[in-house]
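S.K.: Take this structure, written in structure tokens, and hold onto it; I'll ask about it next.
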Amino acid sequence: MAQHAALLVVEDDPDSRDMLTRRLQRQGHAVTAVEDGGLALDALARGPFDLVILDLLMPGLSGLDVLRAIRLEHSPRELPVIMVTARTDSEDVVAAMSLGATDYVAKPVDFPVLLARIEAQLRLRAPQGDRPAPPLPVEALGVGAVLEGRYAIEGALGQGGFSVVYRARQITTGQEVAVKLLRPDRAGDAVAELGLFRREMEVIGRLRHPHIVRLIDWGVLRGGHPFTVLELVEGETLAELVARQGPLAPEEARRLLLQVLDALSCAHRAGVVHLDLKPQNVMVVSTGFRRSALVLDFGLAAIADAPEAPGAGLRGTPSYIAPERLRREPVTGQADLYAWGLMLLEALTGEVAMRKHTRAATVLQHLRDDPVPIPAAVTNPDLRQVIARAAAKRPADRFASADEAIAALEAARIDPGEPALPAPAPPTSSDTATRDL
């Protein structure tokens with residue numbers, strides 16, 4: 001008998017739910033039972049649980065939707081999920097396993113079989129001491145370290161959920177550059193796709209646009225850990241600008257976000273989709289009379305129309321991920337346009353449009369059919385229409401291309417003297433929804 005555990009049972013049929021609850025409790029397990037996906041995610045937010053038993057077919061949020069949200073917070077070793085399904089020959093079972101389900105049982109449930117699989121998963125489950133490592137200290141390489149004999153590290157610039165960025169000097173030319181290195185605790189995600197990484201870097205290296213930060217070099221360290229070398233740009237991100245001065249005036253927001261769109265047009269024409277477009281990845285620089293925007297970080301980009309690898313973690317930032325990406329559909333440039341629409345709204349209001357206190361709850365905002373909420377304070381009807389079209393939940397309702405979005409935003413009627421909205425009140429609680437996956 002495996003150790004007694006905290007189990008979450010998600011089953012919409014009341015008789016099946018009650019039966020599973022009673023029989024698991026007799027085995028000594030602490031059981032929380034809920035009837036739908038929304039309540040399951042609420043329970044997980046309160047947690048913790050050792051294992052989830054999840055019905056595949058439920059009204060509203062399906063078991064696959066709940067599983068997607070779970071895997072943004074917990075790896076299969078941290079939180080095993082056993083799917084329960086009446087359709088064992090369905091493609092849904094294959095989809096569930098590719099999304100990170102650890103096992104499945106068929107209905108009607110043979111309880112001894114389910115119990116054996118629960119105990120097997122609990123034995124394999126990662127203990128508390130085997131959880132993912134904390135973020136790599138940005139000083140890990142140290143000043144003076146030389147990367148691959150080509151780049152001398154001069155200091156740390158920062159880190160995200162996926163990578164660490166250093167200021168460095170190219171030894172052969174003396175040029176200052178930014179070196180982006182995949183965090184060792186996330187290396188498994190990229191090593192599994194090393195061939196794809198090489199192909200993407202070769203394509204991205206050909207991008208030439210005044211509003212795209214240039215890729216200078218890339219390589220793979222011993223052990224298979226990829227790195228990229230980018231031109232070093234001094235300035236502040238769009239997120240930092242909005243946090244410092246508050247919402248942008250509509251005309252300024254239009255000018256900067258048009259530059260971002262033009263950069264996306266260039267990338268999409270080359271078959272490259274950014275995948276992680278967000279205000280933190282747009283640098284605003286003041287090299288002349290007006291500020292300019294430069295798109296950063298094509299390091300997570302993908303080739304257009306390619307499905308994302310089922311075994312790889314979903315890459316990006318929850319507040320800006322398009323619904324079709326969460327459903328693991330083929331990637332197109334429209335996924336970037338969805339994130340761009342949310343960025344335009346954020347630039348105008350100073351607030352992240354799709355943000356909840358957990359990543360899972362944020363994912364549900366994207367997956368629900370209701371449209372992205374546009375605050376009434378955004379009164380310009382043309383801008384409201386552009387945002388609604390760019391951030392439509394269904395790709396068929398979205399702009400078909402960056403060029404189409406450019407035409408719509410350029411045609412928007414904006415009074416040059418239209419003021420910015422007042423700055424929003426600062427958030428009152430911690431937020432995880434805008435951190436990288």
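The way I read the labels, and the way they are meant: chains A, B, ... in the order of the structure tokens, residue 1 as the first residue of every chain, and ligand 1 as the first ligand shown, with later ones counted on from there.
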Quick one: residues within 12 Å of A:Gly38, only C-alpha atoms counted, chain neighbours fewer than 4 positions away excluded, as a list in words?

M.R.: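 Once the nearby chain positions are removed, what remains is Val10, Glu11, Asp12, Val34, Asp42, Ala43, Leu44, Ala45, Met58, Pro59, Gly60, Leu61, Ser62, Gly63, Asp65, Val66, Leu67, Ala69, Ile70, Ala360, Ala361, Thr362, Val363, Leu364, Gln365, Leu367 and Arg368 of chain A.
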
S.K.: Could you name the residues that touch A:Arg398 at 12 Å or less, counting only C-alpha atoms, but leaving out those on the same chain fewer than 2 positions away, as a PyMOL selection string?

M.R.: chain A and resi 322+332-341+371+385-396+400-402+404-405+408

S.K.: Which residue, A:Glu148, A:Glu346, A:Glu351, A:Asp382, has the smallest gap to A:Ile171 when you use only C-alpha atoms?

M.R.: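 Distance minimum relative to A:Ile171 lands on A:Glu148.
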
S.K.: To test your reading of the structure, identify every residue in stretch 221-323 of chain A that backbone DSSP assigns to helix (DSSP H, G or I), and report it as a VMD selection string.

M.R.: chain A and resid 238 to 245 250 to 269 279 to 281 318 to 320 323

S.K.: Atom CA of A:Val31 to atom CA of A:Ala116: how many Å, to one decimal?

M.R.: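 Between these atoms lies a distance of 16.6 Å.
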